[in-house]
Each structure stands twice: as C-alpha cells, then as structure tokens.
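K.L.:
Data: protein-v8.txt, compact mmCIF, N, CA and C atoms.
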# COMPACT_ATOMS: atom_id res chain seq x y z
N MET M 3 -49.46 3.32 29.67
CA MET M 3 -50.50 3.38 30.68
C MET M 3 -50.11 4.33 31.82
N LYS M 4 -48.82 4.25 32.25
CA LYS M 4 -48.36 5.15 33.30
C LYS M 4 -48.44 6.60 32.86
N THR M 5 -48.10 6.86 31.60
CA THR M 5 -48.17 8.22 31.07
C THR M 5 -49.60 8.73 31.10
N PHE M 6 -50.53 7.88 30.68
CA PHE M 6 -51.95 8.27 30.67
C PHE M 6 -52.42 8.60 32.08
N LEU M 7 -52.11 7.75 33.06
CA LEU M 7 -52.50 8.01 34.44
C LEU M 7 -51.85 9.29 34.97
N GLY M 8 -50.60 9.51 34.59
CA GLY M 8 -49.92 10.74 35.00
C GLY M 8 -50.61 11.98 34.46
N ILE M 9 -51.05 11.92 33.20
CA ILE M 9 -51.76 13.04 32.58
C ILE M 9 -53.10 13.27 33.28
N VAL M 10 -53.80 12.21 33.57
CA VAL M 10 -55.09 12.33 34.26
C VAL M 10 -54.92 12.96 35.64
N VAL M 11 -53.93 12.50 36.40
CA VAL M 11 -53.69 13.03 37.74
C VAL M 11 -53.31 14.50 37.68
N LEU M 12 -52.41 14.86 36.79
CA LEU M 12 -52.01 16.27 36.66
C LEU M 12 -53.19 17.14 36.22
N GLY M 13 -54.01 16.63 35.31
CA GLY M 13 -55.18 17.38 34.87
C GLY M 13 -56.14 17.64 36.01
N LEU M 14 -56.35 16.64 36.86
CA LEU M 14 -57.23 16.82 38.01
C LEU M 14 -56.65 17.81 39.01
N LEU M 15 -55.35 17.75 39.22
CA LEU M 15 -54.72 18.70 40.14
C LEU M 15 -54.83 20.13 39.63
N TRP M 16 -54.56 20.33 38.34
CA TRP M 16 -54.63 21.68 37.77
C TRP M 16 -56.05 22.21 37.74
N SER M 17 -57.01 21.39 37.37
CA SER M 17 -58.39 21.86 37.29
C SER M 17 -58.96 22.14 38.68
N GLY M 18 -58.49 21.44 39.67
CA GLY M 18 -58.98 21.65 41.03
C GLY M 18 -58.49 22.92 41.67
N SER M 19 -57.43 23.51 41.14
CA SER M 19 -56.89 24.73 41.76
C SER M 19 -57.85 25.90 41.66
N ALA M 20 -58.67 25.95 40.60
CA ALA M 20 -59.64 27.04 40.47
C ALA M 20 -60.75 26.91 41.50
N TYR M 21 -60.98 25.70 41.99
CA TYR M 21 -62.04 25.47 42.96
C TYR M 21 -61.47 25.20 44.35
N ALA M 22 -60.25 25.66 44.59
CA ALA M 22 -59.64 25.49 45.90
C ALA M 22 -60.51 26.20 46.93
N ASP M 23 -60.23 25.96 48.18
CA ASP M 23 -61.12 26.46 49.22
C ASP M 23 -61.00 27.97 49.39
N CYS M 24 -61.78 28.70 48.63
CA CYS M 24 -61.79 30.16 48.71
C CYS M 24 -62.54 30.64 49.94
N LYS M 25 -63.29 29.76 50.59
CA LYS M 25 -64.07 30.17 51.76
C LYS M 25 -63.18 30.66 52.89
N SER M 26 -61.94 30.19 52.92
CA SER M 26 -61.03 30.65 53.97
C SER M 26 -60.60 32.10 53.75
N ASP M 27 -60.74 32.61 52.53
CA ASP M 27 -60.39 34.00 52.23
C ASP M 27 -61.58 34.96 52.36
N ILE M 28 -62.77 34.43 52.57
CA ILE M 28 -63.98 35.26 52.64
C ILE M 28 -64.49 35.32 54.08
N THR M 29 -64.80 36.52 54.53
CA THR M 29 -65.53 36.71 55.78
C THR M 29 -66.95 37.08 55.39
N MET M 30 -67.92 36.33 55.91
CA MET M 30 -69.32 36.62 55.63
C MET M 30 -70.00 36.99 56.94
N GLU M 31 -70.65 38.15 56.93
CA GLU M 31 -71.45 38.57 58.08
C GLU M 31 -72.90 38.61 57.63
N VAL M 32 -73.79 38.06 58.45
CA VAL M 32 -75.21 38.04 58.14
C VAL M 32 -75.95 38.72 59.27
N ASN M 33 -76.71 39.77 58.93
CA ASN M 33 -77.46 40.51 59.93
C ASN M 33 -78.92 40.60 59.53
N GLN M 34 -79.78 40.26 60.46
CA GLN M 34 -81.22 40.40 60.24
C GLN M 34 -81.59 41.81 60.67
N VAL M 35 -81.95 42.67 59.70
CA VAL M 35 -82.23 44.07 60.00
C VAL M 35 -83.69 44.34 60.29
N SER M 36 -84.56 43.42 59.90
CA SER M 36 -85.98 43.49 60.24
C SER M 36 -86.52 42.07 60.18
N ASP M 37 -87.82 41.91 60.42
CA ASP M 37 -88.34 40.54 60.41
C ASP M 37 -88.41 39.94 59.02
N ASP M 38 -88.16 40.75 57.98
CA ASP M 38 -88.23 40.22 56.61
C ASP M 38 -87.00 40.49 55.77
N VAL M 39 -85.96 41.12 56.31
CA VAL M 39 -84.77 41.47 55.52
C VAL M 39 -83.49 41.03 56.23
N VAL M 40 -82.62 40.40 55.44
CA VAL M 40 -81.30 39.98 55.92
C VAL M 40 -80.25 40.63 55.02
N ILE M 41 -79.20 41.17 55.62
CA ILE M 41 -78.09 41.77 54.88
C ILE M 41 -76.88 40.82 54.97
N PHE M 42 -76.36 40.46 53.80
CA PHE M 42 -75.14 39.66 53.71
C PHE M 42 -73.99 40.60 53.39
N LYS M 43 -72.92 40.53 54.15
CA LYS M 43 -71.72 41.34 53.90
C LYS M 43 -70.58 40.37 53.63
N PHE M 44 -69.97 40.51 52.45
CA PHE M 44 -68.85 39.65 52.06
C PHE M 44 -67.58 40.48 52.01
N ILE M 45 -66.52 39.97 52.63
CA ILE M 45 -65.23 40.65 52.64
C ILE M 45 -64.17 39.68 52.14
N ASN M 46 -63.43 40.09 51.10
CA ASN M 46 -62.32 39.29 50.58
C ASN M 46 -61.06 39.65 51.36
N ASN M 47 -60.59 38.74 52.18
CA ASN M 47 -59.39 38.97 52.98
C ASN M 47 -58.12 38.51 52.28
N GLY M 48 -58.27 37.92 51.11
CA GLY M 48 -57.13 37.35 50.40
C GLY M 48 -56.60 38.28 49.33
N ASN M 49 -55.70 37.74 48.51
CA ASN M 49 -55.10 38.52 47.44
C ASN M 49 -55.46 37.98 46.06
N LYS M 50 -56.57 37.22 45.98
CA LYS M 50 -57.05 36.70 44.71
C LYS M 50 -58.46 37.20 44.45
N ILE M 51 -58.85 37.19 43.18
CA ILE M 51 -60.21 37.58 42.81
C ILE M 51 -61.12 36.38 43.07
N ILE M 52 -62.27 36.63 43.72
CA ILE M 52 -63.19 35.56 44.09
C ILE M 52 -64.57 35.85 43.54
N SER M 53 -65.20 34.81 43.01
CA SER M 53 -66.57 34.88 42.51
C SER M 53 -67.47 34.12 43.47
N ILE M 54 -68.51 34.78 43.95
CA ILE M 54 -69.53 34.11 44.77
C ILE M 54 -70.73 33.93 43.87
N LYS M 55 -71.15 32.68 43.65
CA LYS M 55 -72.22 32.43 42.70
C LYS M 55 -73.58 32.28 43.36
N ASP M 56 -73.63 31.90 44.63
CA ASP M 56 -74.90 31.84 45.33
C ASP M 56 -74.67 31.92 46.83
N PHE M 57 -75.71 32.32 47.54
CA PHE M 57 -75.66 32.42 48.99
C PHE M 57 -77.09 32.33 49.52
N GLY M 58 -77.21 32.08 50.80
CA GLY M 58 -78.55 31.95 51.35
C GLY M 58 -78.56 31.75 52.85
N VAL M 59 -79.76 31.50 53.35
CA VAL M 59 -79.99 31.38 54.78
C VAL M 59 -81.26 30.55 55.01
N SER M 60 -81.35 29.97 56.18
CA SER M 60 -82.59 29.32 56.60
C SER M 60 -83.24 30.19 57.66
N LYS M 61 -84.55 30.18 57.69
CA LYS M 61 -85.24 30.97 58.70
C LYS M 61 -86.24 30.10 59.44
N LEU M 62 -86.55 30.50 60.65
CA LEU M 62 -87.58 29.88 61.46
C LEU M 62 -88.61 30.96 61.72
N ASP M 63 -89.87 30.70 61.33
CA ASP M 63 -90.89 31.73 61.54
C ASP M 63 -91.56 31.56 62.91
N LYS M 64 -92.46 32.47 63.22
CA LYS M 64 -93.06 32.46 64.56
C LYS M 64 -93.94 31.23 64.80
N TRP M 65 -94.28 30.49 63.76
CA TRP M 65 -95.05 29.25 63.90
C TRP M 65 -94.12 28.03 63.91
N MET M 66 -92.80 28.29 64.04
CA MET M 66 -91.78 27.25 64.13
C MET M 66 -91.62 26.44 62.84
N ARG M 67 -91.95 27.05 61.70
CA ARG M 67 -91.74 26.41 60.40
C ARG M 67 -90.39 26.88 59.85
N SER M 68 -89.66 25.94 59.28
CA SER M 68 -88.35 26.25 58.70
C SER M 68 -88.49 26.44 57.19
N GLU M 69 -87.79 27.44 56.67
CA GLU M 69 -87.81 27.72 55.24
C GLU M 69 -86.40 28.10 54.81
N HIS M 70 -86.02 27.73 53.59
CA HIS M 70 -84.68 28.01 53.07
C HIS M 70 -84.77 29.04 51.95
N PHE M 71 -83.87 29.99 51.97
CA PHE M 71 -83.80 31.02 50.94
C PHE M 71 -82.42 30.99 50.32
N ARG M 72 -82.39 30.92 49.00
CA ARG M 72 -81.14 30.85 48.25
C ARG M 72 -81.20 31.87 47.11
N VAL M 73 -80.14 32.63 46.96
CA VAL M 73 -80.04 33.62 45.90
C VAL M 73 -78.91 33.20 44.96
N GLN M 74 -79.21 33.15 43.68
CA GLN M 74 -78.16 32.93 42.69
C GLN M 74 -77.86 34.29 42.10
N ASP M 75 -76.72 34.82 42.49
CA ASP M 75 -76.32 36.17 42.12
C ASP M 75 -74.83 36.14 41.85
N LEU M 76 -74.38 36.99 40.97
CA LEU M 76 -72.96 37.08 40.67
C LEU M 76 -72.34 38.17 41.54
N VAL M 77 -71.49 37.76 42.45
CA VAL M 77 -70.77 38.69 43.31
C VAL M 77 -69.29 38.48 43.02
N ILE M 78 -68.63 39.52 42.53
CA ILE M 78 -67.19 39.46 42.26
C ILE M 78 -66.48 40.32 43.28
N LEU M 79 -65.54 39.73 43.99
CA LEU M 79 -64.75 40.45 44.98
C LEU M 79 -63.29 40.47 44.53
N LYS M 80 -62.79 41.66 44.25
CA LYS M 80 -61.37 41.79 43.93
C LYS M 80 -60.58 41.72 45.23
N LYS M 81 -59.30 41.83 45.12
CA LYS M 81 -58.42 41.73 46.29
C LYS M 81 -58.83 42.74 47.35
N THR M 82 -59.02 42.26 48.56
CA THR M 82 -59.37 43.05 49.75
C THR M 82 -60.59 43.94 49.53
N GLU M 83 -61.56 43.49 48.77
CA GLU M 83 -62.78 44.26 48.51
C GLU M 83 -63.92 43.70 49.37
N LYS M 84 -64.93 44.55 49.62
CA LYS M 84 -66.12 44.08 50.34
C LYS M 84 -67.37 44.59 49.65
N THR M 85 -68.48 43.88 49.87
CA THR M 85 -69.75 44.27 49.27
C THR M 85 -70.89 43.75 50.14
N GLU M 86 -72.08 44.28 49.92
CA GLU M 86 -73.27 43.85 50.65
C GLU M 86 -74.38 43.48 49.69
N ARG M 87 -75.21 42.52 50.10
CA ARG M 87 -76.40 42.13 49.34
C ARG M 87 -77.56 42.00 50.32
N LYS M 88 -78.73 42.38 49.86
CA LYS M 88 -79.94 42.32 50.68
C LYS M 88 -80.80 41.16 50.21
N LEU M 89 -81.38 40.43 51.16
CA LEU M 89 -82.24 39.30 50.84
C LEU M 89 -83.54 39.44 51.61
N ASN M 90 -84.67 39.41 50.88
CA ASN M 90 -85.98 39.45 51.51
C ASN M 90 -86.39 38.03 51.85
N ILE M 91 -86.62 37.75 53.13
CA ILE M 91 -86.92 36.39 53.56
C ILE M 91 -88.37 36.22 54.01
N GLY M 92 -89.20 37.19 53.79
CA GLY M 92 -90.60 37.06 54.19
C GLY M 92 -90.83 37.47 55.63
N TRP M 93 -92.06 37.72 55.94
CA TRP M 93 -92.44 38.25 57.25
C TRP M 93 -92.44 37.19 58.33
N HIS M 94 -92.57 37.65 59.55
CA HIS M 94 -92.73 36.81 60.74
C HIS M 94 -91.53 35.91 61.01
N THR M 95 -90.35 36.42 60.74
CA THR M 95 -89.14 35.64 60.99
C THR M 95 -88.77 35.72 62.46
N LYS M 96 -88.65 34.56 63.07
CA LYS M 96 -88.25 34.49 64.48
C LYS M 96 -86.73 34.47 64.59
N SER M 97 -86.07 33.65 63.77
CA SER M 97 -84.61 33.58 63.81
C SER M 97 -84.09 33.08 62.46
N ILE M 98 -82.81 33.35 62.22
CA ILE M 98 -82.15 32.88 61.00
C ILE M 98 -80.97 32.01 61.40
N GLY M 99 -80.54 31.16 60.47
CA GLY M 99 -79.40 30.29 60.73
C GLY M 99 -78.98 29.59 59.45
N ALA M 100 -78.01 28.73 59.56
CA ALA M 100 -77.51 27.93 58.43
C ALA M 100 -77.15 28.80 57.23
N GLU M 101 -76.41 29.88 57.49
CA GLU M 101 -75.96 30.75 56.41
C GLU M 101 -74.93 30.00 55.56
N PHE M 102 -74.96 30.25 54.26
CA PHE M 102 -74.00 29.58 53.38
C PHE M 102 -73.68 30.44 52.18
N PHE M 103 -72.58 30.14 51.53
CA PHE M 103 -72.24 30.71 50.23
C PHE M 103 -71.31 29.75 49.51
N ASN M 104 -71.30 29.82 48.19
CA ASN M 104 -70.40 29.01 47.36
C ASN M 104 -69.56 29.96 46.51
N CYS M 105 -68.28 29.68 46.44
CA CYS M 105 -67.37 30.58 45.74
C CYS M 105 -66.31 29.81 44.99
N ARG M 106 -65.55 30.55 44.18
CA ARG M 106 -64.37 30.00 43.51
C ARG M 106 -63.44 31.15 43.15
N TYR M 107 -62.15 30.79 43.01
CA TYR M 107 -61.16 31.77 42.59
C TYR M 107 -61.28 32.01 41.09
N LEU M 108 -61.00 33.24 40.67
CA LEU M 108 -60.96 33.59 39.25
C LEU M 108 -59.55 34.05 38.90
N ASP M 109 -59.06 33.61 37.75
CA ASP M 109 -57.81 34.19 37.26
C ASP M 109 -58.15 35.43 36.44
N ASP M 110 -57.14 36.15 35.96
CA ASP M 110 -57.38 37.40 35.23
C ASP M 110 -58.20 37.18 33.97
N LYS M 111 -57.96 36.09 33.27
CA LYS M 111 -58.68 35.80 32.04
C LYS M 111 -60.17 35.58 32.32
N GLN M 112 -60.48 34.79 33.33
CA GLN M 112 -61.87 34.54 33.70
C GLN M 112 -62.55 35.83 34.17
N TYR M 113 -61.84 36.62 34.98
CA TYR M 113 -62.39 37.88 35.47
C TYR M 113 -62.70 38.83 34.32
N ASN M 114 -61.78 38.97 33.37
CA ASN M 114 -62.00 39.87 32.24
C ASN M 114 -63.17 39.41 31.37
N LYS M 115 -63.34 38.10 31.21
CA LYS M 115 -64.46 37.57 30.44
C LYS M 115 -65.79 37.90 31.12
N ILE M 116 -65.87 37.71 32.43
CA ILE M 116 -67.10 38.04 33.17
C ILE M 116 -67.33 39.54 33.15
N LYS M 117 -66.28 40.30 33.32
CA LYS M 117 -66.37 41.76 33.32
C LYS M 117 -66.95 42.26 31.99
N GLU M 118 -66.49 41.69 30.91
CA GLU M 118 -66.98 42.07 29.58
C GLU M 118 -68.43 41.61 29.37
N GLU M 119 -68.71 40.37 29.76
CA GLU M 119 -70.04 39.79 29.55
C GLU M 119 -71.13 40.53 30.33
N TYR M 120 -70.83 40.90 31.59
CA TYR M 120 -71.83 41.56 32.43
C TYR M 120 -71.65 43.08 32.50
N LYS M 121 -70.70 43.59 31.72
CA LYS M 121 -70.43 45.03 31.66
C LYS M 121 -70.17 45.63 33.04
N LEU M 122 -69.25 44.99 33.75
CA LEU M 122 -68.86 45.47 35.07
C LEU M 122 -67.79 46.54 34.93
N ASN M 123 -67.69 47.41 35.93
CA ASN M 123 -66.66 48.46 35.93
C ASN M 123 -65.33 47.91 36.31
Show me this structure written as structure tokens.
P.N.:
Amino acid sequence: MKTFLGIVVLGLLWSGSAYADCKSDITMEVNQVSDDVVIFKFINNGNKIISIKDFGVSKLDKWMRSEHFRVQDLVILKKTEKTERKLNIGWHTKSIGAEFFNCRYLDDKQYNKIKEEYKLN
C-alpha cells in the first residue's frame, strides 16, 4: 500500500511540472489601439519554451455593458522570444480590463510534435 501511494504521489509531482506556473516567466502587455482593437504582446522572460493556448479581455462599452472576449490560439514562445496578437473586440469600447492568458511549459519533445503538426518554422 505504501508503495502504491508513493507511486501516485511521484506521478502527480512529475505530471504537475509541465503545468508549473509559467505565468511568472511571461510578461503580457495589452494595449487598446482603437475602440475596437486590442493588441496583446507576450514576452518570454524565461529560459523554457512556453505554449499559450488562450487569452482574452473584458470590455465595458459606452452603454456600461460588460462583455468578455476569449481567443483560443496557439502561441509558442521560445526562450526570450516575443510576439503580438490582435483581437477585435467590437465597436464602442469605453475601457478594457480583466486581461488573462493560460500557458504551460513545453519540453523539446512536445515542442517538436507541435512544430511538426502545425508546420511551424
């Protein structure tokens, strides 16, 4: 029984390392460039490959209605790399807030598999 519990605990520890807090290695800047467009800039400050699977923002329009926008997009950031994504949030935006993104670390095997599957450079 002790062996079984030991295996379960070690398995959970090892599987959790891929989902460790990669957010501390990412700097995200969000800029509203017009009333309907937001630019997300992601910068990998770490030394690991990071995959961002979705990101988004909430907006408040001029009638004080709140709306949430979420993009499911594959963003791969290699070591110390940066990239930008544009999001159309609709017209009459008064302000944006509640920016978010979800990420995870990739090892070389996972990165090469994604690179092959999506034909990345």
K.L.:
Just how far from atom C of Ser26 in chain M is atom N of Thr82 in chain M, in Å to one decimal?
P.N.:
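So the two atoms, atom N of Thr82 in chain M and atom C of Ser26 in chain M, lie 11.5 Å apart.
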K.L.:
Could you check how far CA of Ser36 in chain M sits from CA of Gly99 in chain M, in Å to one decimal?
P.N.:
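Interatomic distance, CA of Ser36 in chain M to CA of Gly99 in chain M: 14.8 Å.
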K.L.:
Determine the nearest neighbour of His94 in chain M from the options M:Lys64, M:His70, M:Arg106, M:Lys55, counting only N, CA and C atoms.
P.N.:
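Looking only at the distances to His94 in chain M, the closest residue turns out to be M:Lys64.
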K.L.:
Using DSSP on the backbone coordinates, identify the residues of range 15-120 of chain M assigned to helix (DSSP H, G or I); present them as a VMD selection string.
P.N.:
chain M and resid 15 to 21 24 to 27 110 to 119
K.L.:
Excluding Val32 in chain M and its own-chain neighbours fewer than 6 positions away, which residues fall within 6.5 Å of it when counting all atoms listed in the file? Please give them as a PyMOL selection string.
P.N.:
chain M and resi 40-43
K.L.:
Output the selection as a PDB file, in the coordinates of the input - N, CA and C atoms for each residue.
P.N.:
ATOM      1  N   VAL M  40     -82.620  40.400  55.440  1.00  0.00           N
ATOM      2  CA  VAL M  40     -81.300  39.980  55.920  1.00  0.00           C
ATOM      3  C   VAL M  40     -80.250  40.630  55.020  1.00  0.00           C
ATOM      4  N   ILE M  41     -79.200  41.170  55.620  1.00  0.00           N
ATOM      5  CA  ILE M  41     -78.090  41.770  54.880  1.00  0.00           C
ATOM      6  C   ILE M  41     -76.880  40.820  54.970  1.00  0.00           C
ATOM      7  N   PHE M  42     -76.360  40.460  53.800  1.00  0.00           N
ATOM      8  CA  PHE M  42     -75.140  39.660  53.710  1.00  0.00           C
ATOM      9  C   PHE M  42     -73.990  40.600  53.390  1.00  0.00           C
ATOM     10  N   LYS M  43     -72.920  40.530  54.150  1.00  0.00           N
ATOM     11  CA  LYS M  43     -71.720  41.340  53.900  1.00  0.00           C
ATOM     12  C   LYS M  43     -70.580  40.370  53.630  1.00  0.00           C
TER      13      LYS M  43
END
K.L.:
Please determine, counting only C-alpha atoms, which residue among M:Glu31, M:Asp38, M:Glu118, M:Asp56 has the shortest atom-to-atom distance to Trp93 in chain M.
P.N.:
M:Asp38
K.L.:
Using only C-alpha atoms, which residues sit within 10 Å of Lys61 in chain M once same-chain residues fewer than 5 positions away are excluded, as a list of chain:residue names?
P.N.:
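Contacts, with the query itself left out: M:Asp38, M:Met66, M:Arg67, M:Ser68, M:Glu69, M:His70, M:Phe71, M:Ile91, M:Gly92, M:His94, M:Thr95, M:Lys96, M:Ser97, M:Ile98, M:Gly99, M:Ala100, M:Glu101.
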